[in-house]
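Raw contents of structure_22.cif, mmCIF, N, CA and C atoms:
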data_protein
#
loop_
_atom_site.label_atom_id
_atom_site.label_comp_id
_atom_site.auth_asym_id
_atom_site.auth_seq_id
_atom_site.Cartn_x
_atom_site.Cartn_y
_atom_site.Cartn_z
N MET A 1 0.81 -1.19 0.00
CA MET A 1 0.00 0.00 0.00
C MET A 1 0.86 1.26 0.00
N ALA A 2 1.81 1.33 0.92
CA ALA A 2 2.67 2.50 0.99
C ALA A 2 3.55 2.63 -0.24
N PHE A 3 3.94 1.46 -0.77
CA PHE A 3 4.76 1.47 -1.98
C PHE A 3 3.97 2.03 -3.17
N ASP A 4 2.68 1.74 -3.24
CA ASP A 4 1.83 2.27 -4.31
C ASP A 4 1.70 3.78 -4.21
N ASN A 5 1.55 4.30 -2.98
CA ASN A 5 1.46 5.76 -2.79
C ASN A 5 2.75 6.45 -3.21
N ILE A 6 3.86 5.87 -2.86
CA ILE A 6 5.16 6.45 -3.23
C ILE A 6 5.33 6.40 -4.75
N SER A 7 4.90 5.30 -5.34
CA SER A 7 5.01 5.15 -6.79
C SER A 7 4.12 6.18 -7.51
N GLU A 8 2.89 6.36 -7.01
CA GLU A 8 1.98 7.35 -7.60
C GLU A 8 2.54 8.76 -7.42
N SER A 9 3.06 9.05 -6.23
CA SER A 9 3.64 10.38 -5.98
C SER A 9 4.83 10.64 -6.89
N ALA A 10 5.63 9.62 -7.10
CA ALA A 10 6.80 9.78 -7.97
C ALA A 10 6.37 10.02 -9.40
N SER A 11 5.35 9.31 -9.86
CA SER A 11 4.89 9.52 -11.24
C SER A 11 4.23 10.89 -11.39
N GLU A 12 3.49 11.34 -10.37
CA GLU A 12 2.90 12.69 -10.40
C GLU A 12 3.98 13.75 -10.39
N LEU A 13 5.01 13.54 -9.60
CA LEU A 13 6.13 14.48 -9.56
C LEU A 13 6.82 14.55 -10.91
N GLN A 14 7.00 13.39 -11.53
CA GLN A 14 7.64 13.37 -12.85
C GLN A 14 6.77 14.10 -13.87
N LYS A 15 5.46 13.86 -13.82
CA LYS A 15 4.54 14.52 -14.76
C LYS A 15 4.53 16.03 -14.53
N SER A 16 4.48 16.44 -13.26
CA SER A 16 4.48 17.87 -12.93
C SER A 16 5.79 18.54 -13.35
N SER A 17 6.89 17.84 -13.15
CA SER A 17 8.18 18.39 -13.55
C SER A 17 8.26 18.55 -15.06
N LYS A 18 7.76 17.57 -15.80
CA LYS A 18 7.77 17.64 -17.25
C LYS A 18 6.89 18.79 -17.73
N ASP A 19 5.69 18.95 -17.13
CA ASP A 19 4.81 20.06 -17.49
C ASP A 19 5.49 21.41 -17.20
N PHE A 20 6.15 21.50 -16.06
CA PHE A 20 6.83 22.74 -15.69
C PHE A 20 7.93 23.07 -16.70
N ILE A 21 8.73 22.10 -17.05
CA ILE A 21 9.82 22.32 -18.01
C ILE A 21 9.26 22.69 -19.37
N ASP A 22 8.20 22.01 -19.82
CA ASP A 22 7.60 22.34 -21.12
C ASP A 22 7.05 23.76 -21.14
N ARG A 23 6.38 24.15 -20.08
CA ARG A 23 5.83 25.51 -20.02
C ARG A 23 6.93 26.56 -19.92
N ASN A 24 8.00 26.24 -19.22
CA ASN A 24 9.14 27.16 -19.12
C ASN A 24 9.78 27.36 -20.49
N ILE A 25 9.95 26.26 -21.22
CA ILE A 25 10.53 26.35 -22.57
C ILE A 25 9.62 27.20 -23.46
N GLU A 26 8.32 26.98 -23.39
CA GLU A 26 7.38 27.76 -24.20
C GLU A 26 7.43 29.24 -23.83
N TYR A 27 7.52 29.53 -22.53
CA TYR A 27 7.61 30.92 -22.08
C TYR A 27 8.85 31.61 -22.66
N TYR A 28 9.98 30.95 -22.58
CA TYR A 28 11.21 31.57 -23.08
C TYR A 28 11.21 31.69 -24.60
N ARG A 29 10.57 30.77 -25.29
CA ARG A 29 10.42 30.91 -26.74
C ARG A 29 9.59 32.14 -27.07
N LEU A 30 8.47 32.31 -26.38
CA LEU A 30 7.62 33.48 -26.61
C LEU A 30 8.34 34.77 -26.23
N SER A 31 9.08 34.73 -25.15
CA SER A 31 9.83 35.91 -24.73
C SER A 31 10.89 36.28 -25.76
N ALA A 32 11.60 35.30 -26.27
CA ALA A 32 12.62 35.56 -27.30
C ALA A 32 11.96 36.08 -28.57
N PHE A 33 10.81 35.50 -28.95
CA PHE A 33 10.10 35.96 -30.14
C PHE A 33 9.65 37.41 -29.98
N LYS A 34 9.15 37.75 -28.79
CA LYS A 34 8.70 39.12 -28.53
C LYS A 34 9.88 40.10 -28.65
N LYS A 35 11.00 39.76 -28.05
CA LYS A 35 12.16 40.64 -28.09
C LYS A 35 12.72 40.77 -29.50
N LEU A 36 12.76 39.68 -30.24
CA LEU A 36 13.24 39.70 -31.61
C LEU A 36 12.32 40.53 -32.50
N THR A 37 11.03 40.37 -32.33
CA THR A 37 10.06 41.13 -33.12
C THR A 37 10.14 42.62 -32.78
N LYS A 38 10.27 42.93 -31.51
CA LYS A 38 10.36 44.33 -31.10
C LYS A 38 11.63 44.98 -31.66
N GLY A 39 12.74 44.26 -31.62
CA GLY A 39 13.99 44.78 -32.17
C GLY A 39 13.93 44.95 -33.68
N THR A 40 13.34 43.98 -34.37
CA THR A 40 13.21 44.07 -35.82
C THR A 40 12.31 45.24 -36.22
N THR A 41 11.20 45.40 -35.53
CA THR A 41 10.30 46.50 -35.81
C THR A 41 10.99 47.84 -35.59
N SER A 42 11.71 47.96 -34.50
CA SER A 42 12.43 49.21 -34.22
C SER A 42 13.46 49.50 -35.30
N MET A 43 14.17 48.47 -35.75
CA MET A 43 15.18 48.66 -36.79
C MET A 43 14.55 49.07 -38.12
N ILE A 44 13.44 48.45 -38.48
CA ILE A 44 12.77 48.80 -39.73
C ILE A 44 12.25 50.24 -39.68
N MET A 45 11.65 50.63 -38.56
CA MET A 45 11.16 52.01 -38.42
C MET A 45 12.32 53.00 -38.48
N PHE A 46 13.43 52.66 -37.85
CA PHE A 46 14.61 53.53 -37.88
C PHE A 46 15.11 53.70 -39.31
N ILE A 47 15.14 52.62 -40.07
CA ILE A 47 15.62 52.70 -41.46
C ILE A 47 14.66 53.52 -42.32
N ILE A 48 13.36 53.32 -42.17
CA ILE A 48 12.40 54.07 -42.97
C ILE A 48 12.45 55.55 -42.64
N ILE A 49 12.40 55.88 -41.36
CA ILE A 49 12.43 57.29 -40.97
C ILE A 49 13.76 57.92 -41.34
N GLY A 50 14.85 57.18 -41.16
CA GLY A 50 16.17 57.69 -41.54
C GLY A 50 16.28 57.96 -43.03
N ALA A 51 15.72 57.09 -43.85
CA ALA A 51 15.77 57.28 -45.30
C ALA A 51 14.98 58.51 -45.73
N VAL A 52 13.80 58.69 -45.14
CA VAL A 52 12.98 59.86 -45.48
C VAL A 52 13.67 61.14 -45.02
N LEU A 53 14.19 61.14 -43.80
CA LEU A 53 14.89 62.33 -43.31
C LEU A 53 16.16 62.62 -44.11
N PHE A 54 16.87 61.57 -44.52
CA PHE A 54 18.06 61.76 -45.34
C PHE A 54 17.70 62.42 -46.67
N GLY A 55 16.64 61.94 -47.30
CA GLY A 55 16.20 62.54 -48.56
C GLY A 55 15.81 64.00 -48.39
N ALA A 56 15.08 64.29 -47.31
CA ALA A 56 14.68 65.67 -47.06
C ALA A 56 15.90 66.55 -46.79
N LEU A 57 16.83 66.06 -46.00
CA LEU A 57 18.04 66.83 -45.70
C LEU A 57 18.87 67.05 -46.96
N LEU A 58 18.93 66.04 -47.81
CA LEU A 58 19.68 66.17 -49.06
C LEU A 58 19.08 67.25 -49.95
N LEU A 59 17.76 67.24 -50.08
CA LEU A 59 17.11 68.26 -50.91
C LEU A 59 17.26 69.65 -50.29
N LEU A 60 17.11 69.74 -48.98
CA LEU A 60 17.29 71.04 -48.31
C LEU A 60 18.73 71.53 -48.44
N THR A 61 19.68 70.62 -48.40
CA THR A 61 21.08 71.01 -48.55
C THR A 61 21.35 71.56 -49.94
N PHE A 62 20.83 70.89 -50.96
CA PHE A 62 21.00 71.41 -52.33
C PHE A 62 20.35 72.78 -52.49
N ALA A 63 19.15 72.92 -51.95
CA ALA A 63 18.46 74.21 -52.06
C ALA A 63 19.25 75.31 -51.35
N MET A 64 19.74 75.00 -50.15
CA MET A 64 20.50 75.99 -49.39
C MET A 64 21.82 76.32 -50.09
N ALA A 65 22.49 75.31 -50.62
CA ALA A 65 23.75 75.55 -51.33
C ALA A 65 23.52 76.41 -52.57
N LEU A 66 22.46 76.11 -53.29
CA LEU A 66 22.15 76.94 -54.47
C LEU A 66 21.80 78.37 -54.06
N PHE A 67 21.07 78.52 -52.97
CA PHE A 67 20.72 79.86 -52.49
C PHE A 67 21.96 80.64 -52.07
N ILE A 68 22.83 79.99 -51.27
CA ILE A 68 24.07 80.67 -50.84
C ILE A 68 24.95 80.97 -52.04
N GLY A 69 25.04 80.02 -52.97
CA GLY A 69 25.85 80.24 -54.17
C GLY A 69 25.34 81.39 -55.02
N ALA A 70 24.03 81.48 -55.15
CA ALA A 70 23.45 82.59 -55.91
C ALA A 70 23.66 83.91 -55.18
N TRP A 71 23.59 83.87 -53.88
CA TRP A 71 23.76 85.09 -53.08
C TRP A 71 25.21 85.58 -53.17
N LEU A 72 26.16 84.64 -53.24
CA LEU A 72 27.58 84.99 -53.33
C LEU A 72 28.07 85.06 -54.78
N ASP A 73 27.19 84.80 -55.73
CA ASP A 73 27.53 84.76 -57.16
C ASP A 73 28.60 83.71 -57.46
N ASN A 74 28.61 82.61 -56.70
CA ASN A 74 29.55 81.52 -56.93
C ASN A 74 28.94 80.24 -56.36
N LEU A 75 28.40 79.38 -57.25
CA LEU A 75 27.72 78.17 -56.78
C LEU A 75 28.66 77.23 -56.02
N ALA A 76 29.88 77.11 -56.50
CA ALA A 76 30.83 76.21 -55.85
C ALA A 76 31.10 76.65 -54.42
N LEU A 77 31.17 77.93 -54.19
CA LEU A 77 31.40 78.44 -52.84
C LEU A 77 30.22 78.12 -51.92
N GLY A 78 29.02 78.15 -52.44
CA GLY A 78 27.84 77.78 -51.64
C GLY A 78 27.90 76.33 -51.20
N PHE A 79 28.29 75.43 -52.12
CA PHE A 79 28.42 74.02 -51.76
C PHE A 79 29.58 73.80 -50.79
N LEU A 80 30.65 74.54 -50.98
CA LEU A 80 31.80 74.43 -50.08
C LEU A 80 31.44 74.87 -48.67
N ILE A 81 30.72 75.94 -48.55
CA ILE A 81 30.32 76.44 -47.22
C ILE A 81 29.44 75.41 -46.51
N LEU A 82 28.50 74.83 -47.22
CA LEU A 82 27.65 73.83 -46.58
C LEU A 82 28.42 72.55 -46.25
N GLY A 83 29.37 72.17 -47.09
CA GLY A 83 30.21 71.01 -46.78
C GLY A 83 31.00 71.21 -45.51
N VAL A 84 31.61 72.36 -45.37
CA VAL A 84 32.37 72.68 -44.15
C VAL A 84 31.44 72.72 -42.94
N PHE A 85 30.25 73.28 -43.13
CA PHE A 85 29.28 73.33 -42.04
C PHE A 85 28.94 71.93 -41.55
N TYR A 86 28.67 71.00 -42.48
CA TYR A 86 28.32 69.63 -42.08
C TYR A 86 29.51 68.91 -41.43
N ILE A 87 30.69 69.17 -41.88
CA ILE A 87 31.87 68.57 -41.24
C ILE A 87 32.01 69.07 -39.81
N LEU A 88 31.81 70.37 -39.60
CA LEU A 88 31.85 70.92 -38.25
C LEU A 88 30.77 70.32 -37.36
N VAL A 89 29.56 70.17 -37.90
CA VAL A 89 28.48 69.57 -37.12
C VAL A 89 28.84 68.14 -36.73
N CYS A 90 29.44 67.38 -37.66
CA CYS A 90 29.84 66.01 -37.36
C CYS A 90 30.87 65.96 -36.24
N PHE A 91 31.86 66.83 -36.29
CA PHE A 91 32.87 66.86 -35.23
C PHE A 91 32.25 67.22 -33.89
N ILE A 92 31.37 68.20 -33.88
CA ILE A 92 30.73 68.62 -32.63
C ILE A 92 29.90 67.47 -32.05
N VAL A 93 29.13 66.79 -32.89
CA VAL A 93 28.31 65.68 -32.41
C VAL A 93 29.19 64.54 -31.93
N TYR A 94 30.23 64.20 -32.69
CA TYR A 94 31.08 63.07 -32.33
C TYR A 94 31.84 63.33 -31.04
N PHE A 95 32.47 64.47 -30.92
CA PHE A 95 33.29 64.73 -29.74
C PHE A 95 32.50 65.29 -28.57
N GLY A 96 31.39 65.96 -28.84
CA GLY A 96 30.63 66.58 -27.76
C GLY A 96 29.53 65.72 -27.19
N PHE A 97 28.91 64.90 -28.02
CA PHE A 97 27.73 64.17 -27.57
C PHE A 97 27.86 62.66 -27.68
N LYS A 98 29.04 62.15 -27.94
CA LYS A 98 29.23 60.71 -28.13
C LYS A 98 28.80 59.91 -26.90
N LYS A 99 29.26 60.31 -25.74
CA LYS A 99 28.94 59.57 -24.51
C LYS A 99 27.45 59.64 -24.19
N ARG A 100 26.84 60.81 -24.39
CA ARG A 100 25.40 60.94 -24.12
C ARG A 100 24.59 60.05 -25.04
N ILE A 101 24.96 60.03 -26.31
CA ILE A 101 24.23 59.21 -27.27
C ILE A 101 24.41 57.74 -26.94
N GLU A 102 25.63 57.32 -26.63
CA GLU A 102 25.87 55.92 -26.27
C GLU A 102 25.06 55.54 -25.03
N ARG A 103 25.03 56.41 -24.04
CA ARG A 103 24.30 56.13 -22.81
C ARG A 103 22.80 55.98 -23.08
N LYS A 104 22.24 56.90 -23.88
CA LYS A 104 20.80 56.83 -24.17
C LYS A 104 20.45 55.59 -24.98
N VAL A 105 21.29 55.24 -25.93
CA VAL A 105 21.04 54.03 -26.72
C VAL A 105 21.14 52.80 -25.83
N LEU A 106 22.12 52.75 -24.96
CA LEU A 106 22.28 51.61 -24.06
C LEU A 106 21.09 51.48 -23.11
N ILE A 107 20.62 52.59 -22.56
CA ILE A 107 19.47 52.56 -21.66
C ILE A 107 18.23 52.09 -22.39
N LYS A 108 18.00 52.63 -23.59
CA LYS A 108 16.82 52.24 -24.37
C LYS A 108 16.87 50.77 -24.76
N ALA A 109 18.04 50.31 -25.21
CA ALA A 109 18.17 48.91 -25.61
C ALA A 109 18.01 47.98 -24.42
N SER A 110 18.55 48.35 -23.27
CA SER A 110 18.43 47.48 -22.10
C SER A 110 17.00 47.44 -21.60
N LYS A 111 16.27 48.56 -21.69
CA LYS A 111 14.85 48.54 -21.30
C LYS A 111 14.06 47.63 -22.23
N ASP A 112 14.35 47.70 -23.53
CA ASP A 112 13.64 46.85 -24.48
C ASP A 112 13.99 45.38 -24.28
N PHE A 113 15.25 45.09 -24.05
CA PHE A 113 15.70 43.71 -23.95
C PHE A 113 15.31 43.06 -22.63
N PHE A 114 15.44 43.79 -21.54
CA PHE A 114 15.18 43.22 -20.23
C PHE A 114 13.80 43.59 -19.72
N ASP A 115 12.87 43.85 -20.63
CA ASP A 115 11.50 44.16 -20.27
C ASP A 115 10.86 42.96 -19.59
N GLU A 116 10.35 43.15 -18.40
CA GLU A 116 9.79 42.04 -17.64
C GLU A 116 8.27 41.99 -17.71
N ASP A 117 7.66 42.68 -18.69
CA ASP A 117 6.21 42.63 -18.84
C ASP A 117 5.78 41.23 -19.24
N ASP A 118 4.55 40.91 -18.91
CA ASP A 118 4.03 39.60 -19.31
C ASP A 118 3.83 39.58 -20.81
N ILE A 119 3.94 38.40 -21.37
CA ILE A 119 3.81 38.25 -22.82
C ILE A 119 2.40 38.26 -23.24
#

In structure tokens, how does this file's structure come out?
Amino acid sequence: MAFDNISESASELQKSSKDFIDRNIEYYRLSAFKKLTKGTTSMIMFIIIGAVLFGALLLLTFAMALFIGAWLDNLALGFLILGVFYILVCFIVYFGFKKRIERKVLIKASKDFFDEDDI
């Protein structure tokens, strides 16, 4: 009699353990899928918005260069002035804001990756 109870308890424990492991595996699969989908969506949105903004900036740069060139009666000088301006902006952003940008990207990525919300 006691041996039957122990045998039943052992089989129930084995079944419960198997169910727990299966559900844990399913949870982590869903969690990985959620994080992968969220990262992919963010990357696609970044690429689309970046492409549109790049096109707009390119057109605005040409318009501004033509305007400055016409104002100075030298188109090449207008393009040169804007080229130097963009190089200066790049140096200022790289040397002045590099750490801030890295920190914000790291914080945002860690919040997205280590999000503990239910699936």

Rounded to one decimal in Å, what is the spacing between atom N of Ser7 of chain A and atom CA of Asn24 of chain A? 26.2 Å

Do you have the atom CA of Phe33 of chain A-atom N of Lys15 of chain A distance handy?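 These atoms are spaced 27.9 Å apart.
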
Selected by the PyMOL selection byres ((chain A and resi 64-66) around 8) in the shown coordinates: which residues, as a PyMOL selection string? chain A and resi 58-63+67-72+74-83

Excluding Gly39 of chain A and residues on its chain fewer than 3 positions from it, collect all residues at most 12 Å away from it, counting only C-alpha atoms, and give them as a list of chain:residue names.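 Residues near the query, excluding close chain neighbours: A:Ala32, A:Phe33, A:Lys34, A:Lys35, A:Leu36, A:Ser42, A:Met43, A:Ile44, A:Met45, A:Phe46, A:Lys108, A:Ala109, A:Ser110, A:Lys111, A:Asp112, A:Phe113.
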
Please compute the atom N of Leu57 of chain A-atom C of Phe85 of chain A distance, one decimal, in Å.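 That distance, rounded to one decimal, is 14.2 Å.
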
Output as lines of an AutoDock Vina configuration file the centre and edge lengths (Å, one decimal) of the box along x, y and z of the file that holds every listed atom of segment 40-56 of chain A after adding 6 Å on each side.
center_x = 14.2
center_y = 55.3
center_z = -41.4
size_x = 19.8
size_y = 34.6
size_z = 26.3
